[in-house]
$ cat upload-v4.json   # JSON, C-alpha atoms
[["chain", "number", "residue", "atom", "x", "y", "z"],
["A", 1, "MET", "CA", 0.00, 0.00, 0.00],
["A", 2, "GLU", "CA", 0.93, 3.67, -0.29],
["A", 3, "ALA", "CA", 2.23, 5.27, 2.92],
["A", 4, "ILE", "CA", 4.55, 7.92, 4.31],
["A", 5, "VAL", "CA", 7.40, 6.39, 6.34],
["A", 6, "TYR", "CA", 10.36, 7.73, 8.32],
["A", 7, "GLU", "CA", 13.18, 5.78, 9.98],
["A", 8, "GLU", "CA", 15.01, 8.54, 11.87],
["A", 9, "PHE", "CA", 14.25, 11.81, 13.61],
["A", 10, "GLY", "CA", 14.81, 15.02, 11.68],
["A", 11, "GLY", "CA", 13.33, 17.57, 9.31],
["A", 12, "ALA", "CA", 10.62, 16.99, 6.74],
["A", 13, "ASP", "CA", 13.23, 15.47, 4.41],
["A", 14, "VAL", "CA", 13.22, 12.24, 6.48],
["A", 15, "LEU", "CA", 9.68, 11.53, 5.26],
["A", 16, "ARG", "CA", 9.57, 9.02, 2.40],
["A", 17, "HIS", "CA", 6.64, 8.24, 0.14],
["A", 18, "GLU", "CA", 6.54, 4.46, -0.35],
["A", 19, "THR", "CA", 4.18, 2.24, -2.34],
["A", 20, "GLY", "CA", 5.16, -1.24, -1.15],
["A", 21, "VAL", "CA", 4.24, -1.00, 2.53],
["A", 22, "ALA", "CA", 2.45, -4.06, 3.91],
["A", 23, "VAL", "CA", -1.28, -3.71, 4.53],
["A", 24, "PRO", "CA", -1.93, -4.07, 8.29],
["A", 25, "GLU", "CA", -4.19, -6.86, 9.57],
["A", 26, "PRO", "CA", -6.69, -6.04, 12.33],
["A", 27, "GLY", "CA", -6.23, -7.76, 15.67],
["A", 28, "PRO", "CA", -8.87, -8.38, 18.33],
["A", 29, "GLY", "CA", -11.03, -5.31, 18.89],
["A", 30, "GLU", "CA", -9.58, -3.49, 15.87],
["A", 31, "VAL", "CA", -10.92, -2.52, 12.46],
["A", 32, "ARG", "CA", -8.97, -1.82, 9.32],
["A", 33, "VAL", "CA", -9.98, 1.38, 7.58],
["A", 34, "ALA", "CA", -9.47, 2.46, 3.98],
["A", 35, "VAL", "CA", -8.31, 6.00, 4.71],
["A", 36, "ALA", "CA", -10.08, 8.77, 2.79],
["A", 37, "ALA", "CA", -8.55, 11.77, 4.57],
["A", 38, "VAL", "CA", -5.91, 12.47, 7.22],
["A", 39, "GLY", "CA", -5.62, 15.42, 9.56],
["A", 40, "VAL", "CA", -2.15, 16.99, 9.83],
["A", 41, "ASN", "CA", -1.30, 18.17, 13.35],
["A", 42, "PRO", "CA", 1.64, 20.04, 14.93],
["A", 43, "VAL", "CA", 2.34, 16.93, 16.99],
["A", 44, "ASP", "CA", 3.19, 15.13, 13.73],
["A", 45, "HIS", "CA", 6.30, 17.22, 13.12],
["A", 46, "LYS", "CA", 7.17, 17.23, 16.83],
["A", 47, "ARG", "CA", 7.11, 13.42, 16.82],
["A", 48, "ARG", "CA", 9.15, 13.41, 13.61],
["A", 49, "ARG", "CA", 11.78, 15.56, 15.33],
["A", 50, "GLY", "CA", 11.77, 13.40, 18.48],
["A", 51, "TRP", "CA", 10.56, 16.23, 20.71],
["A", 52, "VAL", "CA", 7.66, 14.44, 22.44],
["A", 53, "GLU", "CA", 9.03, 10.94, 23.02],
["A", 54, "GLN", "CA", 7.91, 11.06, 26.65],
["A", 55, "PHE", "CA", 4.30, 11.20, 25.46],
["A", 56, "TYR", "CA", 4.46, 9.40, 22.10],
["A", 57, "PRO", "CA", 7.31, 6.83, 21.99],
["A", 58, "THR", "CA", 8.41, 6.05, 18.42],
["A", 59, "THR", "CA", 9.19, 2.65, 16.93],
["A", 60, "PHE", "CA", 10.94, 2.78, 13.56],
["A", 61, "PRO", "CA", 9.97, 2.51, 10.78],
["A", 62, "ALA", "CA", 7.14, 4.87, 11.68],
["A", 63, "VAL", "CA", 4.06, 6.07, 9.80],
["A", 64, "PRO", "CA", 2.91, 9.54, 10.97],
["A", 65, "GLY", "CA", -0.62, 10.65, 11.69],
["A", 66, "LEU", "CA", -3.08, 10.34, 14.56],
["A", 67, "GLU", "CA", -6.49, 11.04, 13.03],
["A", 68, "PHE", "CA", -8.40, 9.82, 9.99],
["A", 69, "ALA", "CA", -11.72, 9.54, 8.24],
["A", 70, "GLY", "CA", -12.44, 6.55, 6.06],
["A", 71, "THR", "CA", -14.40, 3.38, 5.35],
["A", 72, "VAL", "CA", -14.24, 0.21, 7.42],
["A", 73, "ASP", "CA", -12.46, -2.40, 5.29],
["A", 74, "ALA", "CA", -12.05, -5.38, 7.65],
["A", 75, "LEU", "CA", -13.03, -6.40, 11.19],
["A", 76, "GLY", "CA", -10.86, -7.96, 13.85],
["A", 77, "GLU", "CA", -12.04, -10.63, 16.27],
["A", 78, "GLY", "CA", -14.71, -9.49, 18.70],
["A", 79, "VAL", "CA", -15.61, -6.25, 16.93],
["A", 80, "THR", "CA", -19.31, -5.43, 17.15],
["A", 81, "GLY", "CA", -21.49, -2.44, 16.35],
["A", 82, "VAL", "CA", -19.77, -1.66, 13.05],
["A", 83, "ALA", "CA", -19.76, -3.32, 9.63],
["A", 84, "VAL", "CA", -17.51, -3.39, 6.58],
["A", 85, "GLY", "CA", -18.45, -0.40, 4.43],
["A", 86, "ASP", "CA", -19.36, 1.89, 7.34],
["A", 87, "GLU", "CA", -17.91, 5.41, 7.21],
["A", 88, "VAL", "CA", -16.07, 6.39, 10.38],
["A", 89, "LEU", "CA", -13.70, 8.97, 11.85],
["A", 90, "GLY", "CA", -11.30, 8.65, 14.74],
["A", 91, "TRP", "CA", -7.76, 7.81, 15.81],
["A", 92, "THR", "CA", -5.45, 5.27, 14.21],
["A", 93, "LYS", "CA", -3.11, 2.87, 16.01],
["A", 94, "THR", "CA", -0.75, 2.38, 13.05],
["A", 95, "GLY", "CA", -0.36, 5.84, 11.52],
["A", 96, "ALA", "CA", -2.88, 7.63, 9.34],
["A", 97, "TYR", "CA", -0.55, 8.75, 6.52],
["A", 98, "ALA", "CA", -1.40, 5.58, 4.60],
["A", 99, "GLN", "CA", -4.00, 3.94, 2.39],
["A", 100, "TYR", "CA", -5.02, 1.61, 5.21],
["A", 101, "ALA", "CA", -4.81, 1.95, 8.98],
["A", 102, "LEU", "CA", -5.95, 0.09, 12.10],
["A", 103, "ALA", "CA", -8.19, 1.69, 14.70],
["A", 104, "ASP", "CA", -10.14, 0.86, 17.85],
["A", 105, "LEU", "CA", -11.27, 4.37, 18.80],
["A", 106, "PHE", "CA", -13.73, 5.80, 16.27],
["A", 107, "VAL", "CA", -17.32, 6.94, 15.75],
["A", 108, "PRO", "CA", -19.71, 6.96, 12.77],
["A", 109, "LYS", "CA", -19.18, 9.73, 10.22],
["A", 110, "PRO", "CA", -22.38, 11.71, 9.61],
["A", 111, "ALA", "CA", -23.41, 11.70, 5.95],
["A", 112, "GLY", "CA", -23.41, 15.49, 5.80],
["A", 113, "LEU", "CA", -19.78, 15.81, 6.85],
["A", 114, "SER", "CA", -17.11, 15.86, 4.13],
["A", 115, "TRP", "CA", -14.08, 13.56, 4.40],
["A", 116, "GLU", "CA", -11.82, 16.56, 4.97],
["A", 117, "GLN", "CA", -14.04, 17.98, 7.72],
["A", 118, "ALA", "CA", -14.37, 14.57, 9.36],
["A", 119, "ALA", "CA", -10.60, 14.05, 9.43],
["A", 120, "SER", "CA", -10.19, 17.51, 10.96],
["A", 121, "LEU", "CA", -12.34, 16.82, 14.02],
["A", 122, "PRO", "CA", -10.85, 14.07, 16.25],
["A", 123, "VAL", "CA", -7.61, 15.63, 17.49],
["A", 124, "ALA", "CA", -8.73, 19.27, 17.50],
["A", 125, "GLY", "CA", -12.08, 18.53, 19.11],
["A", 126, "GLU", "CA", -10.76, 16.15, 21.76],
["A", 127, "THR", "CA", -7.78, 18.35, 22.61],
["A", 128, "ALA", "CA", -9.83, 21.54, 22.84],
["A", 129, "GLN", "CA", -12.45, 19.98, 25.12],
["A", 130, "ARG", "CA", -9.87, 18.16, 27.27],
["A", 131, "VAL", "CA", -7.85, 21.32, 27.98],
["A", 132, "LEU", "CA", -10.93, 23.45, 28.63],
["A", 133, "ASP", "CA", -12.04, 20.80, 31.14],
["A", 134, "LEU", "CA", -8.58, 20.76, 32.76],
["A", 135, "LEU", "CA", -8.68, 24.54, 33.11],
["A", 136, "GLY", "CA", -12.22, 24.44, 34.45],
["A", 137, "VAL", "CA", -13.22, 27.59, 32.59],
["A", 138, "ARG", "CA", -16.80, 28.57, 33.23],
["A", 139, "GLU", "CA", -19.38, 31.16, 32.30],
["A", 140, "GLY", "CA", -18.30, 34.70, 33.08],
["A", 141, "GLU", "CA", -14.56, 33.97, 33.09],
["A", 142, "THR", "CA", -11.91, 35.23, 30.67],
["A", 143, "LEU", "CA", -9.62, 32.81, 28.84],
["A", 144, "LEU", "CA", -6.39, 33.78, 27.10],
["A", 145, "LEU", "CA", -5.89, 31.42, 24.15],
["A", 146, "HIS", "CA", -2.53, 31.43, 22.36],
["A", 147, "GLY", "CA", -2.66, 30.19, 18.75],
["A", 148, "ALA", "CA", -6.37, 30.83, 18.52],
["A", 149, "ALA", "CA", -6.59, 30.69, 14.72],
["A", 150, "GLY", "CA", -5.20, 27.17, 14.36],
["A", 151, "ALA", "CA", -7.28, 24.00, 14.22],
["A", 152, "VAL", "CA", -7.28, 23.35, 17.98],
["A", 153, "GLY", "CA", -7.49, 27.05, 18.80],
["A", 154, "SER", "CA", -10.46, 27.67, 16.51],
["A", 155, "MET", "CA", -12.29, 24.72, 18.03],
["A", 156, "ALA", "CA", -11.50, 25.85, 21.58],
["A", 157, "VAL", "CA", -12.68, 29.39, 20.85],
["A", 158, "GLN", "CA", -16.08, 28.12, 19.72],
["A", 159, "LEU", "CA", -16.53, 25.67, 22.60],
["A", 160, "ALA", "CA", -15.50, 28.27, 25.19],
["A", 161, "VAL", "CA", -17.64, 31.07, 23.75],
["A", 162, "ALA", "CA", -20.63, 28.71, 23.63],
["A", 163, "SER", "CA", -20.11, 28.17, 27.38],
["A", 164, "GLY", "CA", -20.27, 31.89, 28.12],
["A", 165, "VAL", "CA", -16.51, 32.41, 28.40],
["A", 166, "THR", "CA", -14.82, 35.57, 27.08],
["A", 167, "VAL", "CA", -11.90, 34.51, 24.87],
["A", 168, "ILE", "CA", -8.86, 36.70, 24.18],
["A", 169, "GLY", "CA", -7.18, 35.01, 21.21],
["A", 170, "THR", "CA", -3.63, 35.64, 20.01],
["A", 171, "ALA", "CA", -3.04, 35.47, 16.27],
["A", 172, "SER", "CA", -1.44, 37.33, 13.40],
["A", 173, "GLU", "CA", -3.41, 40.36, 12.26],
["A", 174, "ARG", "CA", -4.54, 38.63, 9.06],
["A", 175, "ASN", "CA", -6.49, 36.16, 11.23],
["A", 176, "HIS", "CA", -8.24, 38.73, 13.41],
["A", 177, "ALA", "CA", -11.41, 38.90, 11.33],
["A", 178, "HIS", "CA", -11.62, 35.09, 11.46],
["A", 179, "LEU", "CA", -11.36, 35.12, 15.26],
["A", 180, "ARG", "CA", -13.98, 37.84, 15.58],
["A", 181, "SER", "CA", -16.33, 35.72, 13.46],
["A", 182, "LEU", "CA", -15.87, 32.88, 15.97],
["A", 183, "GLY", "CA", -16.63, 35.19, 18.89],
["A", 184, "ALA", "CA", -13.12, 35.86, 20.21],
["A", 185, "VAL", "CA", -11.39, 39.17, 20.96],
["A", 186, "PRO", "CA", -8.20, 39.05, 18.85],
["A", 187, "VAL", "CA", -4.81, 40.41, 19.87],
["A", 188, "THR", "CA", -1.54, 40.28, 17.93],
["A", 189, "TYR", "CA", 1.17, 38.07, 19.39],
["A", 190, "GLY", "CA", 4.81, 39.16, 19.80],
["A", 191, "GLU", "CA", 6.56, 41.94, 21.69],
["A", 192, "GLY", "CA", 4.18, 43.97, 23.84],
["A", 193, "LEU", "CA", 1.63, 41.14, 24.08],
["A", 194, "ALA", "CA", 1.09, 41.55, 27.82],
["A", 195, "ASP", "CA", 0.07, 45.18, 27.42],
["A", 196, "ARG", "CA", -2.29, 44.35, 24.55],
["A", 197, "VAL", "CA", -3.95, 41.60, 26.60],
["A", 198, "ARG", "CA", -4.37, 43.93, 29.57],
["A", 199, "ALA", "CA", -5.99, 46.51, 27.29],
["A", 200, "ALA", "CA", -8.36, 43.90, 25.85],
["A", 201, "ALA", "CA", -9.13, 42.38, 29.27],
["A", 202, "PRO", "CA", -8.67, 45.07, 31.95],
["A", 203, "GLN", "CA", -10.39, 42.75, 34.42],
["A", 204, "GLY", "CA", -7.55, 40.25, 33.94],
["A", 205, "VAL", "CA", -7.51, 36.70, 32.67],
["A", 206, "ASP", "CA", -8.65, 33.67, 34.68],
["A", 207, "ALA", "CA", -6.94, 30.90, 32.69],
["A", 208, "VAL", "CA", -4.52, 30.39, 29.80],
["A", 209, "PHE", "CA", -4.72, 27.76, 27.04],
["A", 210, "ASP", "CA", -1.48, 27.64, 25.05],
["A", 211, "ALA", "CA", -1.88, 26.08, 21.61],
["A", 212, "ALA", "CA", 1.08, 27.98, 20.09],
["A", 213, "GLY", "CA", 4.17, 27.17, 22.13],
["A", 214, "HIS", "CA", 6.42, 29.93, 20.84],
["A", 215, "ASP", "CA", 7.75, 31.67, 23.98],
["A", 216, "THR", "CA", 4.22, 31.96, 25.32],
["A", 217, "LEU", "CA", 4.70, 30.62, 28.84],
["A", 218, "PRO", "CA", 6.64, 33.49, 30.52],
["A", 219, "VAL", "CA", 4.12, 36.10, 29.39],
["A", 220, "SER", "CA", 1.26, 33.79, 30.41],
["A", 221, "ILE", "CA", 2.69, 33.42, 33.91],
["A", 222, "GLU", "CA", 3.12, 37.21, 34.09],
["A", 223, "LEU", "CA", -0.48, 37.83, 33.08],
["A", 224, "MET", "CA", -1.67, 35.29, 35.68],
["A", 225, "GLY", "CA", 0.23, 37.14, 38.39],
["A", 226, "GLY", "CA", 2.66, 34.30, 38.83],
["A", 227, "GLU", "CA", -0.05, 31.67, 39.33],
["A", 228, "LYS", "CA", 0.50, 28.56, 37.22],
["A", 229, "GLU", "CA", -2.32, 26.19, 38.20],
["A", 230, "ARG", "CA", -4.67, 27.39, 35.46],
["A", 231, "ILE", "CA", -2.17, 27.49, 32.61],
["A", 232, "VAL", "CA", -2.08, 24.46, 30.31],
["A", 233, "THR", "CA", -0.01, 24.01, 27.15],
["A", 234, "ILE", "CA", -0.28, 21.49, 24.33],
["A", 235, "ALA", "CA", 2.59, 23.03, 22.38],
["A", 236, "ALA", "CA", 5.47, 24.25, 24.56],
["A", 237, "VAL", "CA", 8.07, 21.48, 24.83],
["A", 238, "ASP", "CA", 9.78, 23.41, 27.65],
["A", 239, "ALA", "CA", 6.65, 23.34, 29.84],
["A", 240, "ALA", "CA", 8.33, 21.45, 32.68],
["A", 241, "GLU", "CA", 11.06, 24.10, 32.94],
["A", 242, "HIS", "CA", 8.36, 26.67, 33.71],
["A", 243, "GLY", "CA", 6.34, 24.42, 36.02],
["A", 244, "ILE", "CA", 3.43, 24.34, 33.58],
["A", 245, "VAL", "CA", 1.19, 21.36, 32.80],
["A", 246, "PHE", "CA", 1.73, 19.85, 29.35],
["A", 247, "SER", "CA", -1.43, 18.04, 28.28],
["A", 248, "GLY", "CA", -0.63, 15.42, 25.68],
["A", 249, "LEU", "CA", -2.77, 12.47, 26.74],
["A", 250, "SER", "CA", -6.36, 11.69, 25.78],
["A", 251, "ALA", "CA", -9.32, 11.28, 28.10],
["A", 252, "ALA", "CA", -11.06, 7.94, 28.70],
["A", 253, "PRO", "CA", -12.19, 6.25, 25.43],
["A", 254, "ASP", "CA", -15.91, 6.40, 26.28],
["A", 255, "VAL", "CA", -15.63, 10.11, 27.05],
["A", 256, "VAL", "CA", -13.72, 10.71, 23.81],
["A", 257, "ARG", "CA", -16.27, 8.83, 21.71],
["A", 258, "ALA", "CA", -19.21, 10.70, 23.25],
["A", 259, "SER", "CA", -17.52, 14.07, 22.76],
["A", 260, "LEU", "CA", -16.51, 13.35, 19.16],
["A", 261, "THR", "CA", -20.00, 12.10, 18.28],
["A", 262, "ALA", "CA", -21.52, 15.27, 19.70],
["A", 263, "GLN", "CA", -19.03, 17.53, 17.92],
["A", 264, "ALA", "CA", -19.61, 15.76, 14.58],
["A", 265, "GLY", "CA", -23.32, 16.39, 15.02],
["A", 266, "LEU", "CA", -22.73, 20.05, 15.79],
["A", 267, "ALA", "CA", -20.50, 20.36, 12.72],
["A", 268, "VAL", "CA", -23.18, 18.90, 10.45],
["A", 269, "ALA", "CA", -25.78, 21.23, 11.97],
["A", 270, "GLY", "CA", -23.49, 24.22, 11.36],
["A", 271, "SER", "CA", -23.16, 25.04, 15.05],
["A", 272, "LEU", "CA", -19.46, 24.15, 15.08],
["A", 273, "ARG", "CA", -17.33, 25.47, 12.24],
["A", 274, "VAL", "CA", -14.59, 23.18, 10.93],
["A", 275, "THR", "CA", -12.12, 25.15, 8.82],
["A", 276, "VAL", "CA", -10.02, 23.21, 6.31],
["A", 277, "ALA", "CA", -7.07, 25.38, 5.33],
["A", 278, "GLU", "CA", -5.71, 23.24, 2.49],
["A", 279, "SER", "CA", -5.77, 19.67, 1.19],
["A", 280, "PHE", "CA", -2.73, 17.86, -0.23],
["A", 281, "PRO", "CA", -2.18, 14.48, -1.91],
["A", 282, "LEU", "CA", -0.47, 12.02, 0.44],
["A", 283, "LYS", "CA", 2.81, 12.16, -1.47],
["A", 284, "GLU", "CA", 3.10, 15.86, -0.51],
["A", 285, "ALA", "CA", 3.08, 15.08, 3.23],
["A", 286, "ALA", "CA", 6.47, 16.73, 3.73],
["A", 287, "ARG", "CA", 5.18, 19.99, 2.26],
["A", 288, "ALA", "CA", 2.09, 19.84, 4.48],
["A", 289, "GLN", "CA", 4.19, 19.24, 7.59],
["A", 290, "GLU", "CA", 6.52, 22.12, 6.73],
["A", 291, "LEU", "CA", 3.51, 24.41, 6.41],
["A", 292, "SER", "CA", 2.16, 23.14, 9.71],
["A", 293, "GLU", "CA", 5.53, 23.68, 11.37],
["A", 294, "SER", "CA", 5.57, 27.31, 10.21],
["A", 295, "GLY", "CA", 2.80, 27.99, 12.71],
["A", 296, "HIS", "CA", 0.82, 30.25, 10.40],
["A", 297, "VAL", "CA", -2.07, 28.02, 9.36],
["A", 298, "ARG", "CA", -5.71, 29.04, 9.79],
["A", 299, "GLY", "CA", -7.67, 25.87, 10.39],
["A", 300, "LYS", "CA", -6.68, 22.35, 9.37],
["A", 301, "LEU", "CA", -4.30, 20.87, 6.82],
["A", 302, "VAL", "CA", -5.50, 17.60, 5.31],
["A", 303, "LEU", "CA", -3.90, 14.79, 3.29],
["A", 304, "ARG", "CA", -5.80, 12.62, 0.81],
["A", 305, "PRO", "CA", -4.36, 9.13, 0.07]]

$ encode --input "upload-v4.json" --output "structure tokens"
Amino acid sequence: MEAIVYEEFGGADVLRHETGVAVPEPGPGEVRVAVAAVGVNPVDHKRRRGWVEQFYPTTFPAVPGLEFAGTVDALGEGVTGVAVGDEVLGWTKTGAYAQYALADLFVPKPAGLSWEQAASLPVAGETAQRVLDLLGVREGETLLLHGAAGAVGSMAVQLAVASGVTVIGTASERNHAHLRSLGAVPVTYGEGLADRVRAAAPQGVDAVFDAAGHDTLPVSIELMGGEKERIVTIAAVDAAEHGIVFSGLSAAPDVVRASLTAQAGLAVAGSLRVTVAESFPLKEAARAQELSESGHVRGKLVLRP
């Protein structure tokens, strides 16, 4: 089968497009999926560089990719509630940058959701909800969200605003109109950020969600008056040095399935906007990862095998 493979840590040039990769066979409790679309995430290039081994240990040769949308192709022993031919979205166990992948954590894909939209939901939706729950943000509070225009950030903005939370979102100026349309108050990142946040939220901020990871933690701690308990990052690899929680692990499977099912329904109904920035053929995975690594993507990058 066609797949993207890498056998060492490094830049995007370590990614190889191969056509003779063995098709995986589903084990007990697993399904094999014919992948229709793959979501590209910042964690993909961080794993490729070896930066998050403590959370995602790598066994070479490795196939990148956490999330997919596709059609069930084969069932492993003991699998119930799904049939060959069903359309699903979820997380793969074998790497999603491939024609076929194995999975045991997935939900049905609503008919009204495109393949690209479906593949954009699992990681962004689960991560956004998990971190908001960790922070305990509630109606009437103010959340500072770094990297608000990205896939996770855009999802978190919508979920937080829907809960009655005021969101101050950092982004480049070209993404400010997008953030306003989602209900956030945009501010430009970079030098002078603390002053801009104070001007936008004179009452102060109650929690910080860092989805950017580019020197965001010191200013976050400053804006929280030195308090660190309600700052969570999914992007800063130096989190431990600052005493900040790095959230890289998923919630319980049943919770994840319920949340993803609900978010897919909201997306179909138009209540949750899923923004696909660009779609690439699988063989251009290196280009997609380089764009992701630049940190200037509005919404989701998607690969199509």

$ closest_residue --input "upload-v4.json" --among "A:Gly136, A:Arg304, A:Leu143, A:Ser163" --to "A:Gly70" --atoms "all atoms listed in the file"
A:Arg304

$ closest_residue --input "upload-v4.json" --among "A:Gly169, A:Gly39, A:Gly112, A:Gly225" --to "A:Lys300" --atoms "all atoms listed in the file"
A:Gly39

$ closest_residue --input "upload-v4.json" --among "A:Leu217, A:Val43, A:Ala36, A:Leu260" --to "A:Glu241" --atoms "all atoms listed in the file"
A:Leu217

$ atom_distance --input "upload-v4.json" --atom1 "atom CA of A:Met1" --atom2 "atom CA of A:Val38"
15.6 Å

$ atom_distance --input "upload-v4.json" --atom1 "atom CA of A:Ala269" --atom2 "atom CA of A:Gln158"
14.2 Å

$ closest_residue --input "upload-v4.json" --among "A:Gly76, A:Pro57, A:Gly85, A:Gly150" --to "A:Asp104" --atoms "only C-alpha atoms"
A:Gly76

$ closest_residue --input "upload-v4.json" --among "A:Ala194, A:Leu132, A:Val31, A:Ala201" --to "A:Thr166" --atoms "only C-alpha atoms"
A:Ala201

$ closest_residue --input "upload-v4.json" --among "A:Leu134, A:Glu8, A:Gly29, A:Ala128" --to "A:Gly50" --atoms "all atoms listed in the file"
A:Glu8

$ residues_around --input "upload-v4.json" --residues "A:Glu7" --least-positions-apart "6" --cutoff "8 Å" --atoms "only C-alpha atoms" --output "PDB file with C-alpha atoms, in the frame of the given file"
ATOM      1  CA  VAL A  14      13.220  12.240   6.480  1.00  0.00           C
ATOM      2  CA  PHE A  60      10.940   2.780  13.560  1.00  0.00           C
ATOM      3  CA  PRO A  61       9.970   2.510  10.780  1.00  0.00           C
ATOM      4  CA  ALA A  62       7.140   4.870  11.680  1.00  0.00           C
TER       5      ALA A  62
END

$ residues_around --input "upload-v4.json" --residues "stretch 232-239 of chain A" --least-positions-apart "6" --cutoff "9 Å" --atoms "all atoms listed in the file" --output "PyMOL selection string"
chain A and resi 42-43+51-52+127+131+134-135+207-217+245-248

$ residues_around --input "upload-v4.json" --residues "stretch 180-183 of chain A" --least-positions-apart "2" --cutoff "12 Å" --atoms "all atoms listed in the file" --output "VMD selection string"
chain A and resid 148 to 149 153 to 171 173 to 178 185 to 187 271 to 275

$ residues_around --input "upload-v4.json" --residues "A:Leu66" --least-positions-apart "3" --cutoff "10 Å" --atoms "only C-alpha atoms" --output "JSON, numbers by chain"
{"A": [38, 39, 40, 41, 43, 44, 63, 90, 91, 92, 93, 94, 95, 96, 97, 119, 122, 123]}
